file model_23.csv (CSV, C-alpha atoms)
chain,number,residue,atom,x,y,z
A,17,MET,CA,-6.5,-9.1,-37.5
A,18,SER,CA,-3.8,-8.7,-40.2
A,19,ALA,CA,-1.6,-6.5,-38.0
A,20,MET,CA,-1.2,-9.5,-35.6
A,21,LYS,CA,-0.8,-12.4,-38.1
A,22,ASP,CA,3.0,-12.3,-38.0
A,23,LEU,CA,3.4,-12.3,-34.2
A,24,ILE,CA,4.6,-15.6,-32.7
A,25,VAL,CA,3.5,-16.7,-29.3
A,26,LEU,CA,5.0,-19.6,-27.3
A,27,ASP,CA,2.5,-20.8,-24.7
A,28,LEU,CA,4.0,-23.2,-22.2
A,29,ALA,CA,0.7,-23.6,-20.3
A,30,SER,CA,-2.0,-26.2,-20.9
A,31,VAL,CA,-5.0,-24.9,-18.9
A,32,GLY,CA,-6.1,-21.9,-16.8
A,33,PRO,CA,-5.5,-18.2,-17.2
A,34,ALA,CA,-2.5,-18.6,-19.6
A,35,ALA,CA,-4.5,-20.9,-21.9
A,36,ARG,CA,-7.4,-18.3,-21.8
A,37,ALA,CA,-4.9,-15.6,-22.8
A,38,SER,CA,-3.4,-17.6,-25.7
A,39,ARG,CA,-7.0,-18.4,-26.9
A,40,ILE,CA,-7.7,-14.7,-27.1
A,41,LEU,CA,-4.4,-13.9,-28.9
A,42,ALA,CA,-5.0,-16.7,-31.4
A,43,ASP,CA,-8.5,-15.5,-32.1
A,44,PHE,CA,-7.1,-12.0,-32.9
A,45,GLY,CA,-4.7,-13.6,-35.4
A,46,MET,CA,-1.4,-14.3,-33.6
A,47,GLN,CA,0.5,-17.5,-34.3
A,48,VAL,CA,0.2,-19.4,-31.1
A,49,ILE,CA,2.4,-22.4,-30.5
A,50,LYS,CA,1.3,-24.6,-27.6
A,51,VAL,CA,4.3,-26.3,-26.0
A,52,ALA,CA,3.3,-29.3,-23.9
A,53,PRO,CA,5.5,-31.8,-22.1
A,54,VAL,CA,6.3,-35.1,-23.8
A,55,SER,CA,3.7,-37.7,-22.9
A,56,ALA,CA,6.3,-40.4,-22.4
A,57,LYS,CA,7.7,-38.7,-19.3
A,58,GLY,CA,4.4,-38.7,-17.4
A,59,ALA,CA,4.4,-34.9,-16.7
A,60,LYS,CA,2.0,-33.4,-14.2
A,61,GLN,CA,0.7,-31.1,-16.8
A,62,VAL,CA,-2.3,-32.7,-18.5
A,63,ASP,CA,-3.9,-32.0,-21.9
A,64,PRO,CA,-7.4,-30.3,-21.7
A,65,VAL,CA,-10.4,-32.2,-23.0
A,66,PHE,CA,-10.8,-32.1,-26.7
A,67,HIS,CA,-13.4,-29.3,-26.8
A,68,ALA,CA,-11.8,-27.0,-24.2
A,69,TYR,CA,-10.2,-23.6,-25.1
A,70,GLY,CA,-11.6,-23.6,-28.6
A,71,ALA,CA,-10.3,-27.1,-29.3
A,72,GLY,CA,-7.0,-25.7,-30.4
A,73,ARG,CA,-8.5,-23.5,-33.1
A,74,GLY,CA,-5.9,-21.6,-35.0
A,75,MET,CA,-3.0,-23.0,-32.9
A,76,ARG,CA,-0.1,-25.3,-33.5
A,77,ARG,CA,1.2,-27.7,-31.0
A,78,MET,CA,4.5,-29.4,-30.1
A,79,ARG,CA,5.8,-31.5,-27.2
A,80,VAL,CA,9.1,-30.8,-25.6
A,81,ASP,CA,10.9,-32.3,-22.6
A,82,LEU,CA,11.9,-29.2,-20.6
A,83,LYS,CA,13.7,-31.5,-18.1
A,84,ALA,CA,16.2,-32.4,-20.7
A,85,ASP,CA,19.1,-30.0,-21.6
A,86,LYS,CA,18.4,-30.3,-25.3
A,87,GLY,CA,14.7,-29.6,-24.7
A,88,ARG,CA,15.5,-26.4,-22.8
A,89,ARG,CA,17.9,-25.3,-25.4
A,90,LEU,CA,15.3,-25.9,-28.0
A,91,ILE,CA,12.8,-23.6,-26.2
A,92,ARG,CA,15.4,-21.0,-25.8
A,93,HIS,CA,16.1,-21.2,-29.6
A,94,LEU,CA,12.4,-20.8,-30.4
A,95,ALA,CA,12.1,-17.9,-27.9
A,96,SER,CA,15.0,-16.1,-29.7
A,97,PHE,CA,12.7,-15.3,-32.6
A,98,ALA,CA,9.3,-15.3,-30.8
A,99,ASP,CA,7.4,-12.2,-29.9
A,100,VAL,CA,5.6,-13.4,-26.8
A,101,LEU,CA,6.2,-16.2,-24.3
A,102,ILE,CA,3.5,-17.1,-21.8
A,103,GLU,CA,4.1,-19.4,-18.8
A,104,SER,CA,2.1,-20.4,-15.7
A,105,TYR,CA,4.6,-22.3,-13.5
A,106,ARG,CA,4.7,-21.6,-9.8
A,107,PRO,CA,7.0,-18.6,-9.1
A,108,GLY,CA,10.7,-19.5,-9.6
A,109,VAL,CA,10.1,-22.8,-11.5
A,110,ALA,CA,10.6,-21.3,-15.0
A,111,ALA,CA,13.9,-19.8,-13.9
A,112,ARG,CA,15.0,-23.2,-12.4
A,113,LEU,CA,14.1,-24.9,-15.7
A,114,GLY,CA,16.3,-22.4,-17.5
A,115,VAL,CA,13.4,-20.7,-19.3
A,116,GLY,CA,12.8,-17.8,-17.0
A,117,HIS,CA,12.3,-14.3,-18.2
A,118,GLU,CA,15.9,-13.1,-17.4
A,119,ASP,CA,17.4,-15.9,-19.6
A,120,MET,CA,14.9,-15.5,-22.4
A,121,CYS,CA,14.9,-11.7,-22.5
A,122,ALA,CA,18.7,-11.7,-22.6
A,123,LEU,CA,18.5,-14.0,-25.7
A,124,ASN,CA,15.7,-11.9,-27.3
A,125,PRO,CA,15.4,-8.3,-25.9
A,126,ARG,CA,12.3,-7.8,-28.0
A,127,LEU,CA,10.5,-10.7,-26.3
A,128,VAL,CA,7.3,-9.9,-24.2
A,129,TYR,CA,7.5,-12.5,-21.5
A,130,CYS,CA,4.2,-13.1,-19.5
A,131,SER,CA,4.1,-15.0,-16.3
A,132,THR,CA,0.6,-15.8,-15.0
A,133,SER,CA,0.1,-16.9,-11.5
A,134,GLY,CA,-2.6,-16.8,-8.9
A,135,TYR,CA,-1.0,-14.3,-6.5
A,136,GLY,CA,1.9,-12.9,-8.4
A,137,GLN,CA,5.6,-13.5,-8.5
A,138,ASP,CA,6.3,-11.9,-5.2
A,139,GLY,CA,4.6,-11.0,-1.9
A,140,PRO,CA,3.7,-13.1,1.1
A,141,TYR,CA,1.2,-15.3,-0.8
A,142,ALA,CA,3.3,-15.9,-3.9
A,143,ALA,CA,3.9,-19.6,-3.1
A,144,TRP,CA,0.3,-20.4,-2.4
A,145,VAL,CA,-1.5,-22.7,-4.8
A,146,GLY,CA,-5.0,-21.9,-5.8
A,147,HIS,CA,-7.9,-22.0,-8.3
A,148,ASP,CA,-10.6,-19.7,-9.4
A,149,ILE,CA,-12.6,-19.8,-6.2
A,150,ASN,CA,-9.5,-18.8,-4.1
A,151,TYR,CA,-8.8,-15.7,-6.2
A,152,LEU,CA,-12.5,-14.7,-6.0
A,153,ALA,CA,-12.3,-15.1,-2.2
A,154,LEU,CA,-9.1,-13.1,-1.7
A,155,SER,CA,-10.3,-10.2,-4.0
A,156,GLY,CA,-13.5,-9.6,-2.0
A,157,TYR,CA,-15.7,-10.9,-4.8
A,158,LEU,CA,-17.3,-13.7,-2.8
A,159,ALA,CA,-17.9,-11.5,0.2
A,160,CYS,CA,-20.1,-9.3,-2.0
A,161,THR,CA,-22.0,-12.2,-3.5
A,162,ALA,CA,-25.5,-13.1,-2.4
A,163,PRO,CA,-25.3,-16.0,0.1
A,164,ASP,CA,-27.2,-19.2,-0.1
A,165,ALA,CA,-29.8,-20.4,2.4
A,166,GLU,CA,-27.1,-21.1,5.0
A,167,GLY,CA,-25.5,-17.7,4.7
A,168,VAL,CA,-22.5,-19.0,2.7
A,169,PRO,CA,-21.4,-16.9,-0.4
A,170,ALA,CA,-22.7,-18.7,-3.5
A,171,LEU,CA,-20.4,-20.4,-5.9
A,172,PRO,CA,-20.1,-18.3,-9.1
A,173,GLY,CA,-21.5,-19.8,-12.4
A,174,ALA,CA,-18.4,-19.0,-14.4
A,175,THR,CA,-14.6,-19.1,-13.9
A,176,ILE,CA,-14.4,-15.3,-13.6
A,177,ALA,CA,-11.0,-15.2,-12.1
A,178,ASP,CA,-9.4,-17.4,-14.7
A,179,GLY,CA,-11.2,-15.9,-17.6
A,180,ALA,CA,-11.2,-12.2,-16.9
A,181,GLY,CA,-8.9,-11.6,-13.9
A,182,GLY,CA,-6.3,-13.8,-15.5
A,183,GLY,CA,-6.8,-14.5,-19.2
A,184,MET,CA,-8.2,-11.2,-20.4
A,185,HIS,CA,-5.8,-9.4,-18.0
A,186,ALA,CA,-2.8,-11.2,-19.6
A,187,ALA,CA,-4.0,-10.7,-23.2
A,188,LEU,CA,-4.6,-7.0,-22.7
A,189,SER,CA,-1.2,-6.6,-21.0
A,190,ILE,CA,0.6,-8.5,-23.8
A,191,VAL,CA,-1.0,-6.3,-26.5
A,192,ALA,CA,-0.1,-3.2,-24.6
A,193,ALA,CA,3.5,-4.4,-24.2
A,194,LEU,CA,3.7,-5.1,-28.0
A,195,LEU,CA,2.4,-1.6,-28.8
A,196,GLU,CA,5.1,-0.2,-26.4
A,197,ARG,CA,7.7,-2.3,-28.1
A,198,ALA,CA,6.8,-0.7,-31.5
A,199,HIS,CA,8.1,2.6,-30.1
A,200,THR,CA,10.9,1.4,-27.9
A,201,GLY,CA,12.2,-1.7,-29.7
A,202,ARG,CA,12.3,-3.6,-26.4
A,203,GLY,CA,10.1,-6.3,-24.9
A,204,LYS,CA,8.8,-6.4,-21.4
A,205,TYR,CA,8.3,-8.7,-18.5
A,206,LEU,CA,4.7,-9.0,-17.3
A,207,ASP,CA,3.9,-10.4,-13.8
A,208,VAL,CA,0.2,-11.2,-14.3
A,209,SER,CA,-1.5,-12.0,-11.0
A,210,VAL,CA,-5.0,-13.3,-11.3
A,211,THR,CA,-5.8,-11.8,-7.9
A,212,ASP,CA,-4.6,-8.4,-9.1
A,213,GLY,CA,-6.9,-8.8,-12.1
A,214,MET,CA,-9.8,-9.5,-9.8
A,215,LEU,CA,-9.1,-6.4,-7.8
A,216,ASN,CA,-9.5,-4.5,-11.1
A,217,LEU,CA,-12.9,-6.1,-11.5
A,218,MET,CA,-13.8,-5.2,-7.9
A,219,SER,CA,-12.7,-1.6,-8.3
A,220,LEU,CA,-16.1,0.0,-7.7
A,221,TYR,CA,-16.4,-1.4,-4.3
A,222,LEU,CA,-12.7,-1.2,-3.3
A,223,ASP,CA,-12.4,2.4,-4.4
A,224,GLN,CA,-15.6,3.2,-2.5
A,225,TYR,CA,-14.2,1.8,0.7
A,226,LEU,CA,-10.8,3.4,0.3
A,227,ALA,CA,-12.4,6.8,-0.3
A,228,THR,CA,-15.3,6.7,2.1
A,229,GLY,CA,-14.8,3.8,4.5
A,230,GLU,CA,-18.1,2.4,3.2
A,231,ASP,CA,-18.1,-1.4,3.0
A,232,THR,CA,-20.0,-3.4,0.4
A,233,GLN,CA,-21.8,-6.5,1.4
A,234,PRO,CA,-24.7,-8.5,-0.1
A,235,GLY,CA,-27.8,-6.3,0.1
A,236,SER,CA,-25.8,-3.1,0.9
A,237,GLY,CA,-25.7,-1.5,-2.5
A,238,VAL,CA,-27.6,-1.1,-5.8
A,239,LEU,CA,-25.6,-3.9,-7.5
A,240,THR,CA,-25.7,-6.3,-4.5
A,241,GLY,CA,-29.4,-6.5,-3.8
A,242,LYS,CA,-30.4,-3.4,-1.7
A,243,PHE,CA,-33.3,-2.5,-3.9
A,244,ALA,CA,-36.1,-4.7,-5.2
A,245,TRP,CA,-35.8,-3.5,-8.8
A,246,TYR,CA,-32.3,-5.0,-9.2
A,247,GLY,CA,-32.5,-8.8,-8.7
A,248,VAL,CA,-33.7,-12.1,-9.9
A,249,TYR,CA,-37.3,-13.4,-9.6
A,250,PRO,CA,-38.8,-16.9,-10.1
A,251,THR,CA,-41.6,-17.3,-12.6
A,252,ARG,CA,-44.6,-19.6,-12.8
A,253,ASP,CA,-42.8,-22.3,-14.8
A,254,GLY,CA,-40.0,-22.6,-12.3
A,255,LYS,CA,-37.6,-20.5,-14.4
A,256,PHE,CA,-36.2,-17.0,-13.5
A,257,ILE,CA,-36.1,-13.5,-14.9
A,258,SER,CA,-33.5,-10.8,-14.2
A,259,VAL,CA,-34.5,-7.2,-13.5
A,260,GLY,CA,-32.0,-4.3,-13.5
A,261,ALA,CA,-34.2,-1.2,-13.8
A,262,ILE,CA,-31.7,1.3,-12.3
A,263,GLU,CA,-32.6,4.4,-14.3
A,264,GLY,CA,-35.9,6.1,-13.2
A,265,HIS,CA,-37.6,6.0,-16.6
A,266,PHE,CA,-36.8,2.3,-17.0
A,267,PHE,CA,-38.2,1.6,-13.5
A,268,ARG,CA,-41.4,3.6,-14.2
A,269,ASN,CA,-41.9,1.6,-17.4
A,270,LEU,CA,-41.5,-1.6,-15.4
A,271,CYS,CA,-44.1,-0.5,-12.8
A,272,ARG,CA,-46.6,0.5,-15.5
A,273,LEU,CA,-46.3,-2.8,-17.4
A,274,LEU,CA,-46.5,-4.8,-14.3
A,275,GLU,CA,-49.5,-2.8,-13.1
A,276,LEU,CA,-47.5,-1.8,-9.9
A,277,GLU,CA,-47.7,2.0,-10.4
A,278,GLN,CA,-48.1,2.5,-6.7
A,279,PHE,CA,-44.3,2.1,-6.5
A,280,ALA,CA,-43.4,4.4,-9.5
A,281,ASP,CA,-42.4,7.3,-7.3
A,282,ARG,CA,-40.8,5.2,-4.5
A,283,GLN,CA,-37.9,3.7,-6.3
A,284,TYR,CA,-35.3,4.5,-3.7
A,285,ASP,CA,-37.6,4.6,-0.7
A,286,GLY,CA,-36.0,2.2,1.8
A,287,THR,CA,-39.2,1.7,3.6
A,288,ALA,CA,-41.0,0.5,0.4
A,289,GLN,CA,-38.4,-2.2,-0.6
A,290,ALA,CA,-39.8,-5.2,1.3
A,291,GLU,CA,-43.3,-4.5,0.0
A,292,MET,CA,-42.1,-3.8,-3.5
A,293,ARG,CA,-40.0,-7.0,-3.5
A,294,ALA,CA,-43.0,-9.1,-2.4
A,295,ALA,CA,-45.2,-7.5,-5.0
A,296,LEU,CA,-42.6,-8.1,-7.8
A,297,ARG,CA,-42.2,-11.7,-6.7
A,298,ALA,CA,-46.0,-12.3,-6.7
A,299,ARG,CA,-46.4,-10.6,-10.1
A,300,PHE,CA,-43.6,-12.6,-11.8
A,301,LEU,CA,-45.0,-15.8,-10.3
A,302,SER,CA,-48.3,-15.2,-12.2
A,303,ARG,CA,-46.9,-16.0,-15.6
A,304,ASP,CA,-44.2,-18.1,-17.3
A,305,ARG,CA,-40.8,-16.6,-17.9
A,306,ASP,CA,-41.0,-16.2,-21.7
A,307,GLU,CA,-44.4,-14.5,-21.4
A,308,TRP,CA,-42.8,-11.8,-19.3
A,309,VAL,CA,-39.8,-11.6,-21.7
A,310,ALA,CA,-42.2,-11.0,-24.5
A,311,LEU,CA,-44.0,-8.3,-22.6
A,312,LEU,CA,-41.1,-6.5,-21.0
A,313,ALA,CA,-37.7,-7.1,-22.6
A,314,GLY,CA,-38.3,-4.9,-25.6
A,315,ALA,CA,-40.2,-2.2,-23.7
A,316,ASP,CA,-37.3,-0.4,-22.0
A,317,THR,CA,-37.5,-2.1,-18.7
A,318,CYS,CA,-34.0,-3.7,-18.3
A,319,VAL,CA,-35.4,-7.2,-18.1
A,320,ALA,CA,-33.9,-10.4,-19.5
A,321,PRO,CA,-34.4,-14.1,-19.1
A,322,VAL,CA,-32.1,-16.2,-17.0
A,323,LEU,CA,-31.0,-18.8,-19.5
A,324,SER,CA,-29.6,-22.3,-18.9
A,325,VAL,CA,-26.6,-23.4,-20.9
A,326,PRO,CA,-28.7,-25.3,-23.4
A,327,GLU,CA,-30.9,-22.3,-23.8
A,328,VAL,CA,-27.9,-20.0,-24.4
A,329,CYS,CA,-26.7,-22.3,-27.2
A,330,ALA,CA,-30.1,-22.2,-28.9
A,331,ASP,CA,-30.9,-18.5,-28.3
A,332,PRO,CA,-31.9,-16.8,-31.6
A,333,HIS,CA,-30.1,-13.5,-30.8
A,334,LEU,CA,-26.8,-15.3,-30.1
A,335,ARG,CA,-27.3,-17.4,-33.2
A,336,ALA,CA,-27.9,-14.3,-35.3
A,337,ARG,CA,-24.7,-12.8,-33.9
A,338,GLY,CA,-22.7,-15.7,-35.2
A,339,ASP,CA,-21.6,-16.8,-31.7
A,340,PHE,CA,-21.3,-20.5,-32.6
A,341,ILE,CA,-19.4,-22.3,-35.2
A,342,THR,CA,-18.8,-25.9,-36.5
A,343,ALA,CA,-15.9,-28.1,-35.6
A,344,VAL,CA,-15.0,-31.6,-36.9
A,345,HIS,CA,-13.1,-34.0,-34.8
A,346,PRO,CA,-11.4,-37.1,-36.4
A,347,GLU,CA,-12.9,-39.5,-33.9
A,348,ARG,CA,-15.9,-37.7,-32.4
A,349,GLY,CA,-17.3,-36.2,-35.6
A,350,GLU,CA,-19.0,-32.9,-36.1
A,351,PHE,CA,-19.9,-30.7,-33.2
A,352,GLU,CA,-20.4,-27.0,-32.4
A,353,GLN,CA,-18.2,-24.7,-30.4
A,354,LEU,CA,-18.2,-21.1,-29.2
A,355,ALA,CA,-17.0,-18.8,-32.0
A,356,PRO,CA,-14.4,-16.1,-31.5
A,357,THR,CA,-16.8,-13.7,-29.8
A,358,LEU,CA,-14.6,-10.7,-28.8
A,359,ALA,CA,-15.0,-7.6,-30.9
A,360,GLY,CA,-12.7,-7.5,-33.9
A,361,CYS,CA,-12.3,-11.3,-34.1
A,362,GLU,CA,-13.3,-13.1,-37.3
A,363,ARG,CA,-16.9,-14.2,-36.4
A,364,THR,CA,-17.5,-16.4,-39.4
A,365,PRO,CA,-14.5,-18.7,-39.8
A,366,PRO,CA,-14.7,-21.9,-41.8
A,367,PRO,CA,-15.4,-25.2,-39.9
A,368,HIS,CA,-12.6,-25.9,-37.5
A,369,ALA,CA,-10.8,-29.2,-38.2
A,370,VAL,CA,-9.8,-30.4,-34.7
A,371,ARG,CA,-6.7,-32.6,-34.6
A,372,SER,CA,-6.4,-35.7,-32.5
A,373,ALA,CA,-4.7,-35.5,-29.1
A,374,ALA,CA,-1.7,-37.4,-30.6
A,375,HIS,CA,-1.1,-34.9,-33.4
A,376,THR,CA,1.7,-32.3,-33.1
A,377,ASP,CA,3.2,-29.7,-35.5
A,378,THR,CA,6.6,-30.2,-34.1
A,379,ASP,CA,8.4,-30.9,-37.3
A,380,ASP,CA,6.9,-28.0,-39.2
A,381,ILE,CA,7.7,-25.6,-36.3
A,382,LEU,CA,11.3,-26.8,-36.0
A,383,ARG,CA,11.9,-26.6,-39.7
A,384,ALA,CA,10.7,-23.1,-39.7
A,385,ALA,CA,13.1,-22.4,-36.8
A,386,ALA,CA,16.0,-23.6,-39.1
A,387,LEU,CA,16.5,-27.0,-37.6
A,388,SER,CA,17.6,-29.7,-40.1
A,389,THR,CA,15.8,-33.0,-40.7
A,390,ALA,CA,18.7,-34.8,-39.0
A,391,GLU,CA,18.6,-32.6,-35.9
A,392,ILE,CA,14.8,-33.1,-35.6
A,393,ALA,CA,15.2,-36.9,-36.0
A,394,THR,CA,17.9,-36.9,-33.2
A,395,LEU,CA,15.8,-34.9,-30.8
A,396,ARG,CA,12.9,-37.3,-31.4
A,397,ALA,CA,15.0,-40.4,-31.0
A,398,GLU,CA,16.3,-39.0,-27.7
A,399,GLY,CA,12.8,-38.4,-26.4
A,400,CYS,CA,13.2,-34.6,-26.2
A,401,ILE,CA,10.3,-33.9,-28.6
A,402,GLU,CA,7.1,-35.6,-29.9
call {"tool": "encode", "arguments": {"input": "model_23.csv", "output": "structure tokens"}}
result
Amino acid sequence: MSAMKDLIVLDLASVGPAARASRILADFGMQVIKVAPVSAKGAKQVDPVFHAYGAGRGMRRMRVDLKADKGRRLIRHLASFADVLIESYRPGVAARLGVGHEDMCALNPRLVYCSTSGYGQDGPYAAWVGHDINYLALSGYLACTAPDAEGVPALPGATIADGAGGGMHAALSIVAALLERAHTGRGKYLDVSVTDGMLNLMSLYLDQYLATGEDTQPGSGVLTGKFAWYGVYPTRDGKFISVGAIEGHFFRNLCRLLELEQFADRQYDGTAQAEMRAALRARFLSRDRDEWVALLAGADTCVAPVLSVPEVCADPHLRARGDFITAVHPERGEFEQLAPTLAGCERTPPPHAVRSAAHTDTDDILRAAALSTAEIATLRAEGCIE
């Protein structure tokens, strides 16, 4: 988007929610500069695999030693003219390194400074370490998820907390802060907690409990499996089909096409659900998945196939939508990757030329930041940059 093309983002994170956020911001046209530690110092932070997070599409990269005084001064200099800074250190670490929000925002009052963490910058759990599954657990998500055969909540099939609770949460908050800055002239500090973002995603159930005292558990509500017409069923070929016929007219269409019209007027009848579920299971097991899709998906029944990852990548609808693009890696050759898929992103960019892991844009970035060739050479000789 042309309105965002002049906005500069410094991303001090390599993986996780912050990396998801900068991926989104880059896809919307912002100038993202990925700042990684110098490899020679053996930092804990690791580079993601070559194809992760869009393989660096539309981003520039530099390596800086934040443990060195000159490295910290360099980041402060870059932040003085940046629009956004994103970091994902444990609470308090950025401040100890001299790149915390108070120091940076004092240098650049227009800076939007975004800290991403699992549990937030304060509170009893702020110092806890965690990953996606932990934030799903604390937010109530796992407790509402259908259990496996042993009664244990099933592992999710996507990193929902990192992607939505963290990455999209951070990106949306950053854009909102930039819009506010357009009116006030001042930046903002954003304490993005992945768990807080998951609470937002769980709002239907949390608000229900807070207002009525009604708890949500697997099988207790429409969206957690209480009714037979909202669930997943196996088909004859060992695949699966999803059914979400919530509205009455969609449910009646489903009953008619499945020749189960004895249930058409009993959609919410609690006494009929076990029988209905058994009938649906038996009917779906009588044909292959794609036969059912051909009969039902386009007939207003709220039915869709459960696709594997390879099937998703080959799906004709997603192909027609331009959801996949070509990338070329200098060592690994040509491969495909997910395109910028969020609404408003450029869906048909040219093939993405992936740079090797050793490549950086450090010199170009620092020259644009008014450092001389001699200054850059000195920093490199001292091991502060790569």
call {"tool": "atom_distance", "arguments": {"input": "model_23.csv", "atom1": "atom CA of A:Tyr225", "atom2": "atom CA of A:Glu291"}}
result
29.8 Å
call {"tool": "atom_distance", "arguments": {"input": "model_23.csv", "atom1": "atom CA of A:Ala374", "atom2": "atom CA of A:Leu41"}}
result
23.7 Å
call {"tool": "closest_atom_pairs", "arguments": {"input": "model_23.csv", "of": "stretch 235-305 of chain A", "to": "stretch 162-177 of chain A", "cutoff": "9 Å", "atoms": "only C-alpha atoms", "output": "CSV"}}
result
residue,atom,partner,partner_atom,distance
A:Gly235,CA,A:Ala162,CA,7.6
A:Thr240,CA,A:Ala162,CA,7.1
A:Gly241,CA,A:Ala162,CA,7.8
call {"tool": "residues_around", "arguments": {"input": "model_23.csv", "residues": "A:Gly338", "least_positions_apart": "4", "cutoff": "10 Å", "atoms": "all atoms listed in the file", "output": "PyMOL selection string"}}
result
chain A and resi 332-334+354-357+362-365
call {"tool": "residues_around", "arguments": {"input": "model_23.csv", "residues": "A:Ser258", "least_positions_apart": "2", "cutoff": "7 Å", "atoms": "only C-alpha atoms", "output": "PyMOL selection string"}}
result
chain A and resi 247-249+256+260+319-322
call {"tool": "residues_near_point", "arguments": {"input": "model_23.csv", "point": "(9.6, -16.3, -15.7)", "cutoff": "7 Å", "atoms": "only C-alpha atoms", "output": "list in words"}}
result
Gly108, Ala110, Ala111, Val115, Gly116, His117 and Ser131 of chain A
call {"tool": "residues_around", "arguments": {"input": "model_23.csv", "residues": "stretch 204-221 of chain A", "least_positions_apart": "5", "cutoff": "6 Å", "atoms": "all atoms listed in the file", "output": "PyMOL selection string"}}
result
chain A and resi 128-136+151+155+181-182
call {"tool": "closest_atom_pairs", "arguments": {"input": "model_23.csv", "of": "stretch 119-219 of chain A", "to": "stretch 87-96 of chain A", "cutoff": "9 Å", "atoms": "all atoms listed in the file", "output": "Markdown table"}}
result
| residue | atom | partner | partner_atom | distance |
| --- | --- | --- | --- | --- |
| A:Asp119 | CA | A:Arg92 | CA | 8.3 |
| A:Met120 | CA | A:Arg92 | CA | 6.5 |
| A:Cys121 | CA | A:Ser96 | CA | 8.4 |
| A:Leu123 | CA | A:Ser96 | CA | 5.7 |
| A:Asn124 | CA | A:Ser96 | CA | 4.9 |
| A:Pro125 | CA | A:Ser96 | CA | 8.7 |
| A:Arg126 | CA | A:Ser96 | CA | 8.9 |
| A:Leu127 | CA | A:Ala95 | CA | 7.5 |
call {"tool": "atom_distance", "arguments": {"input": "model_23.csv", "atom1": "atom CA of A:Ala192", "atom2": "atom CA of A:Asp22"}}
result
16.5 Å
call {"tool": "build_atoms", "arguments": {"input": "model_23.csv", "residues": "stretch 82-86 of chain A", "atoms": "all heavy atoms", "output": "CSV table (one decimal), in the frame of the given file"}}
result
chain,number,residue,atom,x,y,z
A,82,LEU,N,11.2,-30.3,-21.2
A,82,LEU,CA,11.9,-29.2,-20.6
A,82,LEU,C,12.9,-29.7,-19.4
A,82,LEU,O,13.6,-28.9,-18.9
A,82,LEU,CB,11.0,-28.2,-20.0
A,82,LEU,CG,10.3,-27.3,-21.1
A,82,LEU,CD1,9.3,-26.3,-20.5
A,82,LEU,CD2,11.3,-26.6,-21.9
A,83,LYS,N,12.8,-31.0,-19.1
A,83,LYS,CA,13.7,-31.5,-18.1
A,83,LYS,C,15.0,-32.0,-18.7
A,83,LYS,O,15.9,-32.3,-17.9
A,83,LYS,CB,13.0,-32.6,-17.3
A,83,LYS,CG,11.8,-32.1,-16.5
A,83,LYS,CD,11.2,-33.3,-15.7
A,83,LYS,CE,10.0,-32.8,-14.8
A,83,LYS,NZ,9.4,-33.9,-14.1
A,84,ALA,N,15.0,-32.0,-20.0
A,84,ALA,CA,16.2,-32.4,-20.7
A,84,ALA,C,17.0,-31.1,-21.2
A,84,ALA,O,16.4,-30.2,-21.6
A,84,ALA,CB,15.9,-33.3,-21.9
A,85,ASP,N,18.3,-31.2,-21.1
A,85,ASP,CA,19.1,-30.0,-21.6
A,85,ASP,C,18.8,-29.6,-23.0
A,85,ASP,O,18.6,-28.4,-23.3
A,85,ASP,CB,20.6,-30.4,-21.5
A,85,ASP,CG,21.1,-30.4,-20.0
A,85,ASP,OD1,20.4,-29.8,-19.1
A,85,ASP,OD2,22.1,-31.0,-19.8
A,86,LYS,N,18.6,-30.6,-23.9
A,86,LYS,CA,18.4,-30.3,-25.3
A,86,LYS,C,17.0,-29.7,-25.4
A,86,LYS,O,16.7,-28.9,-26.3
A,86,LYS,CB,18.5,-31.5,-26.2
A,86,LYS,CG,20.0,-31.9,-26.4
A,86,LYS,CD,20.1,-33.1,-27.4
A,86,LYS,CE,21.6,-33.4,-27.6
A,86,LYS,NZ,21.7,-34.5,-28.6
